[in-house]
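Novice: One structure follows; several queries about it will come next.
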Amino acid sequence: MAHLPILPLLLPLLMGALLLLPPLANNIKRQRVATLVTMFVLLALSVKLLLTTHDTGTQMYVLGNWHPPFGIVLVADQLSSLLVLLTAVLAFAALLYACAGSDQTGMYFHPLFMFQVLGINGAFLTGDIFNLFVFFEVLLIASYALLVHGGGKQKTQSALHYVILNLIGSSLFLFGLGILYGTVGTLNIADMAVKIAQLHGGEAILAKIGGLLLMLVFGLKAALLPLHFWLPRTYASASAPVAALFAIMTKVGIYSLLRVHTVIFGDHAGDLANIAQPWLWPLAVLTVSAGTLGLLASRSLRLLAANLVVVSAGTLLIAVALQTAEATGAALYYLIHSTLAAGALFLLADLISIQRGKAEDRFVKARSVLQPKLLGSFFFISALALIGLPPLSGFVGKVMLLQATAGQTTTLWVWTVLLGSGLSALIALSRAGTTLFWRTNYPPAHYQLKPNQSNPVTAAHPLQIAAIVWLLLASPLLVVFGGDMTALTASAAQQLHDIDQSVYGLLPPVSGSPAQGAQ
Amino acid sequence: MEALYAFCVGIMTTCGVYLLLRARTFAVVLGLTLLSYAVNLFLFASGRLKLNGAAVLGQSEQYADPLPQALVLTAIVIGFAMTAFLVILAMRARADLGNDHVDGRFPETPNNNNKQEKN
């Protein structure tokens, strides 16, 4: 299938547009069936794409047959197809959960959801840095609308911050792109990586400014320390399926950092090699520390989950800052695990919040949830995974990260911060669990006897349970198939760091040799 | 020409950043608009400034780089859509939150000038 790399973009795009037209518009049942089928097909396509890239190497899709470095290309290497698959898995669960009823609290949930998936997939698959900007905007504008889905004061307030910050980020992105285009004269990521090494003197300083501006923008998306303050409130106020889908959004920033600062400004970039590193790792360590404090200070489960996203983003940023293939491989494994586990916790927090009535998910003494055994065991599993305790994938991911950082000059800092964040996650989640499930006023049966309350408590919908189980299953599966998974992430990281594959392999042989291309 | 151009972009960026820091939604919308104008001009200049150069081969002795022009066009369209969305969101926030501060409430100052302005 020659057109395989573009299908993860075309499918959600076309379905998103179709959902706005008569046979599907205004009929929520048909919309649900259509989007679920689409997501299922997308899931199958992503698996196929991953297998293809693993077996036959990187797939390059040349749009309009304009060959690089002139035209726009889509590049599906192992890293991007792995992340496309992760998006499909997460989005399928979020959609399943939404189909239980939360998609009806506002208009156009399903088309927006499709466009959001389109933007995320596009950002992962593009091989052109201006196209990366375009897909960022696609995913952002869909996320703006999804964030206010359902309405309410809190959502408007956090959406205002989120939208304004991201619009400023987009302007900075364009400034960075303008500087880089002005100095290297190309926008193809692989071609930029070749040309950036040939810059010297004033041009190199300009390109450095451009590169650091891009780091700033990706740092904003990935919740790097001084730019992460928008995240907890935004994620905590979004409706559950949207928050679960947003768990992948910080990872888009981390992916872009990997793509730009490992491939373009990597070891081979001459004067500009590893320009982000001196900034990235201290800030990443501070991000984890700030997230850790946030964990201990959280007053509701959703805020706690959002702060866990900050901690995991910081952990990943540390690994990105190390710029070694081993650290990147460990980071990819941890990325998959933390995205899925955080998504599950957001969905679970919503169920708990519904069943606790007025107290919602705040850590106060209140009535018991209706299904304490079911939700309690879900909470236990997701907490184990997120803290990083032995039987589940968080443990494996953290051990790999710690191993990857061993022997470096920064080991002491990284180990202290990572282990400290694990400890405080343990404290925060134990406190959360005991308050939510054990410090209760009445047994749940008390409420079942009174069906005529003003705010009836309903048991979880089977689709909601299915969505959470789908995400939670990933954690043990990541351990059971740990050998295959680590081999996969290690080979994806190896491919990214090997410039023969990630740079010269994507360019025609003429401009492929480093000696040529200077003007 | 380059100095004048750079000066204009710089002035617009400065005004944009200043307005963004005003932290009232209308000022922020104006600030973002100015910032996006500045960035559009900046992108346009990244292909070098050239007089009498068509962006088509063979039409003039020198040709201008067509790519920045295409980029600017994309950036204008996207910036326009985003600004429109932000205007609607700002109006919604004014209705939902009762004021036009980006935090949804005025910061507490010793003499509370802002509160009086609100009333």
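Ligands are numbered from 1 in the order shown, chains are lettered A, B, ... in the order of the structure tokens, and residues start at 1 in each chain.
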Using only C-alpha atoms, what table do you get, as a Markdown table, when you list each residue of chain A with an atom no more than 7 Å from chain B, its nearest pair of atoms, and their distance in Å rounded to one decimal, rows by chain then rising number?
Specialist:
```
| residue | atom | partner | partner_atom | distance |
| --- | --- | --- | --- | --- |
| A:Lys153 | CA | B:Asp96 | CA | 5.8 |
| A:Thr156 | CA | B:Ala93 | CA | 5.9 |
| A:Gln157 | CA | B:Gly104 | CA | 6.0 |
| A:Leu160 | CA | B:Val102 | CA | 6.6 |
| A:His161 | CA | B:Val102 | CA | 6.9 |
| A:Ser171 | CA | B:Ser36 | CA | 6.3 |
| A:Leu174 | CA | B:Val39 | CA | 6.6 |
| A:Phe175 | CA | B:Val39 | CA | 6.1 |
| A:Gly178 | CA | B:Leu43 | CA | 4.9 |
| A:Ile179 | CA | B:Ser46 | CA | 6.6 |
| A:Tyr181 | CA | B:Ser46 | CA | 6.4 |
| A:Gly182 | CA | B:Ser46 | CA | 4.5 |
```
Novice: Taking the DSSP assignment computed from this structure's backbone, write out as a ChimeraX atom specification all residues of chain B that belong to alpha helix (DSSP H).
Specialist: /B:2-20,25-45,66-97,113-118
Novice: Rank nothing, just name the residue among A:Leu216, A:Ile468, A:Phe70, A:Met1 nearest to Pro66 (chain B), using only C-alpha atoms.
Specialist: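 Nearest candidate to Pro66 (chain B) out of A:Leu216, A:Ile468, A:Phe70, A:Met1: A:Phe70.
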